[in-house]
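Pasting work-v7.cif here (mmCIF, C-alpha atoms):
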data_work
loop_
_atom_site.label_atom_id
_atom_site.label_comp_id
_atom_site.auth_asym_id
_atom_site.auth_seq_id
_atom_site.Cartn_x
_atom_site.Cartn_y
_atom_site.Cartn_z
CA MET A 1 -2.91 40.75 84.45
CA ASN A 2 -2.80 38.44 81.45
CA GLY A 3 -5.32 40.66 79.67
CA LEU A 4 -3.22 43.75 80.40
CA PHE A 5 -0.10 41.96 79.11
CA ARG A 6 -1.82 40.89 75.92
CA GLY A 7 -3.03 44.46 75.45
CA MET A 8 0.49 45.83 75.85
CA ILE A 9 1.78 43.33 73.27
CA ALA A 10 -0.99 44.25 70.84
CA ALA A 11 -0.28 47.95 71.26
CA ALA A 12 3.44 47.41 70.73
CA ALA A 13 2.79 45.31 67.64
CA SER A 14 0.44 47.93 66.26
CA THR A 15 3.02 50.66 66.85
CA ALA A 16 5.69 48.55 65.15
CA LEU A 17 3.47 48.03 62.11
CA VAL A 18 2.77 51.75 61.88
CA CYS A 19 6.49 52.52 62.14
CA LEU A 20 7.31 49.83 59.57
CA ALA A 21 4.71 51.20 57.17
CA ALA A 22 6.00 54.72 57.65
CA GLY A 23 9.56 53.55 57.15
CA THR A 24 8.60 51.62 54.02
CA ALA A 25 6.76 54.63 52.61
CA ALA A 26 9.76 56.83 53.33
CA ALA A 27 12.06 54.34 51.66
CA GLN A 28 9.75 54.12 48.65
CA GLY A 29 9.55 57.88 48.48
CA ASN A 30 13.30 58.10 48.63
CA THR A 31 13.65 55.42 45.92
CA ALA A 32 11.15 57.21 43.69
CA GLN A 33 13.07 60.45 44.13
CA GLN A 34 16.32 58.70 43.28
CA LEU A 35 14.76 57.19 40.16
CA GLN A 36 13.46 60.57 39.11
CA GLU A 37 16.85 62.19 39.56
CA GLN A 38 18.57 59.41 37.66
CA TRP A 39 15.97 59.72 34.88
CA LYS A 40 16.66 63.43 34.52
CA LYS A 41 20.36 62.75 34.33
CA ASP A 42 20.15 59.89 31.81
CA VAL A 43 17.23 60.90 29.58
CA VAL A 44 16.05 64.50 29.87
CA GLY A 45 17.76 66.80 27.41
CA LYS A 46 19.23 64.01 25.31
CA THR A 47 19.01 64.21 21.49
CA VAL A 48 17.43 61.58 19.24
CA VAL A 49 17.76 62.02 15.46
CA TYR A 50 15.45 60.14 13.10
CA ILE A 51 16.51 59.53 9.48
CA PRO A 52 13.85 57.73 7.39
CA VAL A 53 14.28 56.98 3.69
CA ALA A 54 11.75 59.78 3.16
CA TYR A 55 9.44 61.79 5.39
CA SER A 56 6.87 62.37 2.64
CA VAL A 57 4.92 59.11 3.08
CA PRO A 58 2.34 58.21 5.74
CA LEU A 59 4.34 55.33 7.28
CA THR A 60 7.44 57.33 8.12
CA ARG A 61 5.31 60.30 9.18
CA ILE A 62 3.33 58.13 11.61
CA TRP A 63 6.61 56.98 13.14
CA GLY A 64 7.92 60.54 13.33
CA GLU A 65 4.81 62.16 14.75
CA ARG A 66 4.41 59.48 17.40
CA MET A 67 8.08 59.66 18.43
CA GLN A 68 7.88 63.46 18.55
CA MET A 69 4.90 63.26 20.91
CA ILE A 70 6.74 60.84 23.20
CA ALA A 71 9.95 62.87 23.08
CA ASP A 72 8.09 66.05 24.06
CA ARG A 73 6.58 64.27 27.05
CA LEU A 74 9.92 62.83 28.16
CA GLY A 75 11.98 65.97 27.70
CA ILE A 76 14.00 64.55 24.80
CA LYS A 77 15.11 66.68 21.87
CA PHE A 78 13.81 64.96 18.72
CA GLU A 79 14.91 65.90 15.21
CA VAL A 80 14.09 64.58 11.71
CA ARG A 81 16.42 64.52 8.72
CA ASP A 82 14.65 63.89 5.40
CA PRO A 83 16.63 62.56 2.39
CA ASN A 84 13.37 62.25 0.39
CA PHE A 85 14.16 58.89 -1.27
CA ASN A 86 17.67 60.01 -2.21
CA THR A 87 20.01 57.26 -1.02
CA GLN A 88 23.16 59.33 -1.51
CA ARG A 89 21.57 62.20 0.41
CA GLU A 90 20.63 59.85 3.26
CA GLU A 91 24.20 58.65 3.51
CA GLN A 92 25.41 62.27 3.61
CA LEU A 93 22.86 63.19 6.30
CA LEU A 94 23.92 60.24 8.43
CA GLU A 95 27.61 61.09 8.14
CA ALA A 96 26.87 64.73 9.02
CA GLU A 97 24.96 63.65 12.12
CA ILE A 98 27.90 61.59 13.33
CA GLY A 99 29.86 64.85 13.41
CA GLN A 100 27.07 66.50 15.44
CA HIS A 101 27.10 63.54 17.87
CA PRO A 102 23.45 63.07 18.92
CA ASP A 103 22.82 60.55 21.67
CA VAL A 104 20.70 58.17 19.56
CA LEU A 105 20.25 57.69 15.81
CA ILE A 106 17.09 55.99 14.52
CA VAL A 107 17.73 54.98 10.91
CA HIS A 108 15.59 53.55 8.09
CA ASN A 109 17.92 51.75 5.66
CA PRO A 110 17.22 51.95 1.90
CA ASN A 111 19.14 48.68 1.38
CA VAL A 112 21.44 46.29 3.19
CA GLN A 113 24.70 47.84 2.08
CA VAL A 114 24.84 51.61 1.65
CA LEU A 115 24.56 52.84 5.25
CA ALA A 116 26.31 49.93 6.97
CA PRO A 117 29.78 51.55 7.24
CA ALA A 118 28.35 54.82 8.59
CA LEU A 119 26.18 52.98 11.15
CA GLN A 120 29.28 51.23 12.48
CA GLN A 121 31.13 54.54 12.47
CA ALA A 122 28.34 56.11 14.53
CA GLU A 123 28.57 53.44 17.22
CA ASN A 124 32.35 53.69 17.24
CA ALA A 125 31.87 57.42 17.88
CA GLY A 126 29.72 56.66 20.95
CA ILE A 127 26.24 57.07 19.42
CA TYR A 128 23.51 54.48 19.97
CA VAL A 129 22.00 53.23 16.68
CA ILE A 130 18.50 51.80 16.21
CA GLN A 131 17.59 50.42 12.77
CA ILE A 132 13.92 50.24 11.79
CA ASN A 133 11.94 47.91 9.50
CA MET A 134 14.73 47.54 6.92
CA ALA A 135 18.02 46.30 8.36
CA SER A 136 21.52 46.75 6.98
CA ARG A 137 24.25 44.12 6.93
CA TYR A 138 25.70 45.82 10.05
CA LYS A 139 24.10 44.69 13.28
CA SER A 140 23.69 47.76 15.48
CA ASP A 141 22.44 48.23 19.06
CA ALA A 142 18.84 47.49 18.10
CA PHE A 143 16.52 46.52 15.27
CA ILE A 144 12.79 47.20 15.50
CA GLY A 145 10.41 46.17 12.77
CA VAL A 146 8.53 43.49 10.96
CA GLN A 147 10.05 40.03 10.47
CA PRO A 148 10.03 40.11 6.65
CA ASN A 149 10.44 36.37 6.03
CA GLU A 150 7.44 35.62 8.22
CA LEU A 151 5.48 38.44 6.58
CA GLY A 152 6.24 37.02 3.13
CA THR A 153 5.16 33.57 4.29
CA GLN A 154 1.86 34.86 5.68
CA MET A 155 1.07 36.86 2.56
CA ALA A 156 1.95 34.04 0.17
CA GLU A 157 -0.16 31.55 2.11
CA ALA A 158 -3.12 33.93 1.86
CA VAL A 159 -2.53 34.30 -1.90
CA VAL A 160 -2.40 30.53 -2.35
CA LYS A 161 -5.61 30.10 -0.39
CA ALA A 162 -7.40 32.66 -2.55
CA CYS A 163 -5.84 31.80 -5.93
CA GLY A 164 -4.61 28.21 -5.96
CA GLY A 165 -4.31 27.00 -9.54
CA HIS A 166 -4.49 30.48 -11.03
CA LYS A 167 -2.21 33.27 -12.27
CA ILE A 168 -0.64 35.77 -9.89
CA ALA A 169 1.86 38.62 -10.17
CA LEU A 170 4.39 40.07 -7.72
CA MET A 171 5.44 43.72 -7.25
CA ASP A 172 8.65 44.02 -5.25
CA GLY A 173 9.88 47.25 -3.68
CA GLU A 174 13.61 47.99 -3.49
CA VAL A 175 15.06 44.58 -4.32
CA THR A 176 18.27 45.10 -2.30
CA SER A 177 16.53 46.10 0.95
CA ALA A 178 16.48 43.54 3.75
CA TYR A 179 12.70 43.95 3.95
CA SER A 180 12.20 43.12 0.26
CA LEU A 181 14.69 40.26 0.31
CA GLY A 182 13.00 38.74 3.36
CA ILE A 183 9.48 38.98 1.95
CA MET A 184 10.63 37.39 -1.31
CA GLU A 185 12.40 34.59 0.52
CA GLY A 186 9.37 33.79 2.65
CA ALA A 187 6.95 34.00 -0.27
CA THR A 188 9.13 31.94 -2.62
CA ALA A 189 9.33 29.09 -0.11
CA VAL A 190 5.53 28.94 -0.03
CA PHE A 191 5.03 29.21 -3.78
CA LYS A 192 7.54 26.39 -4.39
CA GLN A 193 5.22 24.12 -2.43
CA HIS A 194 2.35 25.04 -4.77
CA PRO A 195 3.45 24.54 -8.38
CA ASP A 196 -0.16 25.08 -9.52
CA ILE A 197 0.35 28.81 -8.81
CA GLN A 198 1.47 30.55 -12.01
CA ILE A 199 3.64 33.62 -11.39
CA VAL A 200 3.30 35.56 -14.65
CA SER A 201 5.24 38.65 -13.53
CA ASN A 202 7.81 39.45 -10.86
CA GLN A 203 8.91 43.09 -11.07
CA ALA A 204 10.05 45.89 -8.76
CA ALA A 205 8.61 49.40 -8.46
CA ASN A 206 11.15 50.90 -5.99
CA TRP A 207 8.31 52.02 -3.69
CA ASP A 208 6.88 54.30 -6.42
CA SER A 209 3.12 54.14 -7.09
CA LYS A 210 3.38 55.42 -10.69
CA THR A 211 5.99 52.81 -11.57
CA ALA A 212 3.80 50.14 -10.00
CA HIS A 213 0.79 51.45 -11.94
CA ASP A 214 2.56 51.41 -15.30
CA LYS A 215 4.07 47.95 -14.85
CA ALA A 216 0.80 46.50 -13.55
CA ALA A 217 -1.17 47.99 -16.45
CA THR A 218 1.06 46.13 -18.91
CA VAL A 219 0.76 42.86 -16.99
CA LEU A 220 -3.04 43.17 -16.77
CA GLN A 221 -3.34 43.83 -20.47
CA ALA A 222 -1.47 40.60 -21.18
CA ASN A 223 -3.22 38.66 -18.39
CA PRO A 224 -6.84 39.82 -17.95
CA ASP A 225 -7.51 36.51 -16.16
CA LEU A 226 -5.02 37.35 -13.39
CA CYS A 227 -6.27 36.23 -9.98
CA ALA A 228 -4.07 38.30 -7.67
CA TYR A 229 -1.29 40.84 -7.29
CA MET A 230 0.97 40.64 -4.24
CA GLY A 231 2.82 43.86 -3.44
CA TRP A 232 5.41 44.86 -0.85
CA TRP A 233 3.92 48.15 0.43
CA SER A 234 0.51 49.80 0.15
CA GLY A 235 1.85 53.23 -0.81
CA GLN A 236 3.42 51.66 -3.87
CA ASP A 237 0.58 49.19 -4.44
CA SER A 238 -2.04 51.92 -4.67
CA GLY A 239 -0.71 52.25 -8.22
CA ILE A 240 -1.57 48.59 -8.87
CA ALA A 241 -5.08 49.19 -7.52
CA GLN A 242 -5.62 52.10 -9.90
CA ALA A 243 -4.38 50.01 -12.84
CA VAL A 244 -6.79 47.22 -11.90
CA LYS A 245 -9.66 49.69 -11.62
CA GLN A 246 -8.85 51.30 -14.96
CA ALA A 247 -8.73 47.87 -16.62
CA GLY A 248 -12.25 47.14 -15.34
CA LEU A 249 -10.97 44.26 -13.22
CA GLN A 250 -11.81 45.53 -9.72
CA GLY A 251 -13.30 42.67 -7.75
CA LYS A 252 -11.68 40.13 -10.08
CA VAL A 253 -7.98 40.80 -9.38
CA LYS A 254 -7.29 40.53 -5.67
CA ILE A 255 -4.56 42.83 -4.34
CA PHE A 256 -2.58 41.68 -1.31
CA THR A 257 -0.43 44.35 0.32
CA THR A 258 1.26 45.32 3.58
CA ASP A 259 2.02 48.48 5.56
CA GLY A 260 2.18 50.07 8.99
CA GLY A 261 -1.51 50.91 9.16
CA GLU A 262 -1.61 53.99 6.94
CA GLN A 263 -5.08 55.51 6.56
CA PRO A 264 -5.18 55.44 2.73
CA ALA A 265 -4.77 51.65 2.82
CA CYS A 266 -7.80 51.25 5.07
CA GLU A 267 -9.84 53.38 2.68
CA TYR A 268 -8.73 51.13 -0.19
CA LEU A 269 -9.85 48.09 1.81
CA LYS A 270 -13.28 49.61 2.43
CA GLU A 271 -13.63 50.51 -1.25
CA GLY A 272 -12.67 47.02 -2.39
CA LEU A 273 -9.47 48.19 -4.09
CA PHE A 274 -7.31 46.13 -1.73
CA TYR A 275 -8.30 42.56 -0.90
CA GLU A 276 -6.10 42.04 2.17
CA ASP A 277 -3.60 44.23 4.00
CA PHE A 278 -1.04 42.72 6.37
CA ILE A 279 -0.60 45.52 8.90
CA TYR A 280 2.37 45.92 11.24
CA PRO A 281 1.17 48.72 13.59
CA ALA A 282 3.38 51.77 13.01
CA VAL A 283 2.26 53.46 16.23
CA LEU A 284 3.35 50.44 18.28
CA GLN A 285 6.66 50.39 16.40
CA ALA A 286 7.26 54.07 17.21
CA ASP A 287 6.55 53.38 20.89
CA GLN A 288 9.08 50.54 20.77
CA MET A 289 11.65 52.76 19.06
CA MET A 290 11.47 55.38 21.78
CA SER A 291 11.33 52.83 24.59
CA THR A 292 14.45 51.21 23.20
CA ALA A 293 16.18 54.57 22.87
CA VAL A 294 15.41 55.39 26.50
CA THR A 295 16.59 51.96 27.63
CA LEU A 296 19.88 52.36 25.77
CA LEU A 297 20.41 55.81 27.28
CA GLN A 298 19.87 54.45 30.80
CA SER A 299 22.01 51.38 30.24
CA LYS A 300 25.20 53.48 30.04
CA LEU A 301 26.69 50.64 28.03
CA LYS A 302 29.14 51.43 25.28
CA PRO A 303 27.31 51.70 21.93
CA GLY A 304 27.70 48.47 19.99
CA THR A 305 27.57 46.32 23.13
CA LEU A 306 23.90 45.30 22.93
CA HIS A 307 22.17 43.76 19.93
CA VAL A 308 18.44 43.91 20.65
CA THR A 309 15.74 42.76 18.22
CA VAL A 310 12.04 43.61 18.57
CA PHE A 311 9.83 42.06 15.90
CA SER A 312 6.47 43.70 15.24
CA PRO A 313 3.19 41.75 15.13
CA VAL A 314 1.35 41.45 11.81
CA ILE A 315 -2.43 41.80 11.62
CA PRO A 316 -4.14 40.47 8.44
CA THR A 317 -6.90 42.97 7.68
CA THR A 318 -9.74 42.81 5.15
CA ALA A 319 -12.90 44.80 4.45
CA GLU A 320 -14.69 42.45 6.85
CA ASN A 321 -12.53 43.11 9.91
CA VAL A 322 -11.13 46.62 9.30
CA THR A 323 -12.07 49.02 12.10
CA PRO A 324 -11.65 52.76 12.74
CA THR A 325 -8.52 51.94 14.75
CA SER A 326 -6.90 49.62 12.18
CA CYS A 327 -5.13 52.56 10.55
CA THR A 328 -3.70 55.83 11.83
CA GLU A 329 -4.58 59.35 10.73
CA LEU A 330 -1.66 61.74 10.43
CA ALA A 331 -1.72 64.61 12.89
CA THR A 332 -0.50 67.04 10.22
CA LYS A 333 -1.32 67.10 6.51
#
For this file, produce the structure as structure tokens.
Amino acid sequence: MNGLFRGMIAAAASTALVCLAAGTAAAQGNTAQQLQEQWKKDVVGKTVVYIPVAYSVPLTRIWGERMQMIADRLGIKFEVRDPNFNTQREEQLLEAEIGQHPDVLIVHNPNVQVLAPALQQAENAGIYVIQINMASRYKSDAFIGVQPNELGTQMAEAVVKACGGHKIALMDGEVTSAYSLGIMEGATAVFKQHPDIQIVSNQAANWDSKTAHDKAATVLQANPDLCAYMGWWSGQDSGIAQAVKQAGLQGKVKIFTTDGGEQPACEYLKEGLFYEDFIYPAVLQADQMMSTAVTLLQSKLKPGTLHVTVFSPVIPTTAENVTPTSCTELATK
């Protein structure tokens, strides 16, 4: 009798477990369906507009191509507006987009001031705003990019280690951009601690490789014993590398640069034209840009409510540790 009773209890318990499992699966299935429906409502069909300072350089193209791929997969309409290094044109494009009212704007600031009023205007109009790599003085919904002060510190420490007691030169980008200001601040703090470092030139090339080449050529002519050049972006600093090569100083003048992992920079590392490249992975940044855009869309919060910051990691890369995956090939030429 006891055995029969225990058997009945076991059978009942087994049935209960089966029913519980089935009920849980049904609930999970229902939850998954609800999530999918909510996703379609909040994300699918929304419009994200990307405005870089220019779409003609590998860094901004890597961002754009990666975001386009993600947008296509998620059912998001993704559009690019290219001011081609024309600050006034970028401001006009941004103001025009506010009138078109996309759901999210992803903006690359040329400097801290020029786009700030329009970015605030966009949020006031109900558009989420994500700033990338170079912030403005207006704090929008999100900033995604490198921490420039820390980047400047890392680069300067590497320069000091390689060239303590010797001459160096600096090649800034756009001096009024938050990125440039931050790198300079971080680097200056390090160099002040090492008075044996002689900074013989501190100029800006405004992200232009020819300008960097011409200025570097003059500095090298006056200082053939230069130990290192520290630049703010590899696309610009390729001009420094060519000036060094033309002066017959390759291997003697070490070039320290930084970028988002553009393929030309990796080739320069392999060829010995760059000494060290501090890479902030552009592909990862693009993933973070789109993830943040999707999160903002689902939050349903009023634009301007959140202030999210996502700082990108920096990977010091030399000819010794560069790999096929250190830099990114563009999908289109």
Output check: residues returned by the PyMOL selection byres ((chain A and resi 93-109) around 6), as a PyMOL selection string = chain A and resi 47-53+90-92+110-111+122+127-132+134
Limited to C-alpha atoms, could you put the picked residues into a file as a PDB file, in the frame of the given file?
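Result file out21.pdb:
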ATOM      1  CA  THR A  47      19.010  64.210  21.490  1.00  0.00           C
ATOM      2  CA  VAL A  48      17.430  61.580  19.240  1.00  0.00           C
ATOM      3  CA  VAL A  49      17.760  62.020  15.460  1.00  0.00           C
ATOM      4  CA  TYR A  50      15.450  60.140  13.100  1.00  0.00           C
ATOM      5  CA  ILE A  51      16.510  59.530   9.480  1.00  0.00           C
ATOM      6  CA  PRO A  52      13.850  57.730   7.390  1.00  0.00           C
ATOM      7  CA  VAL A  53      14.280  56.980   3.690  1.00  0.00           C
ATOM      8  CA  GLU A  90      20.630  59.850   3.260  1.00  0.00           C
ATOM      9  CA  GLU A  91      24.200  58.650   3.510  1.00  0.00           C
ATOM     10  CA  GLN A  92      25.410  62.270   3.610  1.00  0.00           C
ATOM     11  CA  PRO A 110      17.220  51.950   1.900  1.00  0.00           C
ATOM     12  CA  ASN A 111      19.140  48.680   1.380  1.00  0.00           C
ATOM     13  CA  ALA A 122      28.340  56.110  14.530  1.00  0.00           C
ATOM     14  CA  ILE A 127      26.240  57.070  19.420  1.00  0.00           C
ATOM     15  CA  TYR A 128      23.510  54.480  19.970  1.00  0.00           C
ATOM     16  CA  VAL A 129      22.000  53.230  16.680  1.00  0.00           C
ATOM     17  CA  ILE A 130      18.500  51.800  16.210  1.00  0.00           C
ATOM     18  CA  GLN A 131      17.590  50.420  12.770  1.00  0.00           C
ATOM     19  CA  ILE A 132      13.920  50.240  11.790  1.00  0.00           C
ATOM     20  CA  MET A 134      14.730  47.540   6.920  1.00  0.00           C
TER      21      MET A 134
END
So which residues touch A:Thr295 within 12 Å, counting only C-alpha atoms, skipping near sequence neighbours fewer than 6 positions away, as a compact mmCIF listing (two decimals) with C-alpha atoms, in the frame of the given file?
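Listing of out03.txt after writing:
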# COMPACT_ATOMS: atom_id res chain seq x y z
CA TRP A 39 15.97 59.72 34.88
CA ASP A 42 20.15 59.89 31.81
CA VAL A 43 17.23 60.90 29.58
CA VAL A 104 20.70 58.17 19.56
CA TYR A 128 23.51 54.48 19.97
CA ILE A 130 18.50 51.80 16.21
CA ASP A 141 22.44 48.23 19.06
CA ALA A 142 18.84 47.49 18.10
CA GLN A 288 9.08 50.54 20.77
CA MET A 289 11.65 52.76 19.06
CA LEU A 301 26.69 50.64 28.03
CA LEU A 306 23.90 45.30 22.93
CA VAL A 308 18.44 43.91 20.65
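Residues in contact with A:Val283 at 9 Å, where only C-alpha atoms are counted and same-chain residues fewer than 2 positions away are skipped, are listed as A:Ile62, A:Trp63, A:Arg66, A:Met67, A:Gly260, A:Gly261, A:Pro281, A:Gln285, A:Ala286, A:Asp287, A:Gln288, A:Thr328.
One finds atom CA of A:Gly239 at 14.3 Å from atom CA of A:Glu267.
The shortest atom-to-atom distance to A:Val146, with only C-alpha atoms taken into account, belongs to A:Ser312 out of A:Gln88, A:Ser56, A:Gln121, A:Ser312.
Taking atom CA of A:Ala205 and atom CA of A:Tyr229 as endpoints, the distance between them is 13.1 Å.
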query = Which neighbours of A:Ala158 fall inside 12 Å, counting only C-alpha atoms, when residues of the same chain fewer than 3 positions from it are skipped, and could you give them as a PyMOL selection string?
reply = chain A and resi 151-155+161-164+187+190-191+228-230+254-257+275-278+316-318
Within 8 Å of A:Lys215 using only C-alpha atoms, minus same-chain residues under 3 positions, as a compact mmCIF listing (two decimals) with C-alpha atoms, keeping the file's coordinate frame:
# COMPACT_ATOMS: atom_id res chain seq x y z
CA GLN A 203 8.91 43.09 -11.07
CA ALA A 205 8.61 49.40 -8.46
CA THR A 211 5.99 52.81 -11.57
CA ALA A 212 3.80 50.14 -10.00
CA THR A 218 1.06 46.13 -18.91
CA VAL A 219 0.76 42.86 -16.99
Padded axis-aligned box of stretch 190-206 of chain A (3 Å per side), centre and edge lengths, Å, one decimal, as AutoDock Vina command-line options:
--center_x 5.5 --center_y 37.5 --center_z -7.3 --size_x 17.3 --size_y 32.8 --size_z 20.6
inquiry  = Selection in question (the file shown): the PyMOL selection byres ((chain A and resi 227) around 7). Which residues does it include, as a list in words?
reply    = Cys163, His166, Lys167, Ile168, Asp225, Leu226, Ala228, Lys252, Val253 and Lys254 of chain A
Could you build a table of the residues in stretch 84-174 of chain A lying no more than 12 Å from stretch 240-245 of chain A, giving for each the nearest pair of atoms and their separation in Å rounded to one decimal place, using all atoms listed in the file, ordered by chain and ascending residue number, as a Markdown table?
| residue | atom | partner | partner_atom | distance |
| --- | --- | --- | --- | --- |
| A:Ala169 | CA | A:Ile240 | CA | 10.6 |
| A:Leu170 | CA | A:Ile240 | CA | 10.5 |
| A:Met171 | CA | A:Ile240 | CA | 8.7 |
| A:Asp172 | CA | A:Ile240 | CA | 11.8 |
query = By how many Å are atom CA of A:Asn86 and atom CA of A:Ala265 apart?
reply = 24.5 Å
inquiry  = Could you check the closest approach to A:Asp196 for each of A:Ile315, A:Ala118, A:Ala331, A:Val160 and tell me which residue wins, using all atoms listed in the file?
reply    = A:Val160
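Of the listed residues A:Leu59, A:Met184, A:Val322, A:Leu115, the one whose atoms come nearest to A:Asn149 is A:Met184, with distances taken using all atoms listed in the file.
This file, queried with the PyMOL selection byres ((chain A and resi 74) around 12), gives the residues Gln36, Trp39, Lys40, Asp42, Val43, Val44, Gly45, Lys46, Thr47, Val48, Met67, Gln68, Met69, Ile70, Ala71, Asp72, Arg73, Gly75, Ile76, Lys77, Phe78, Met290, Ser291, Ala293 and Val294 of chain A.
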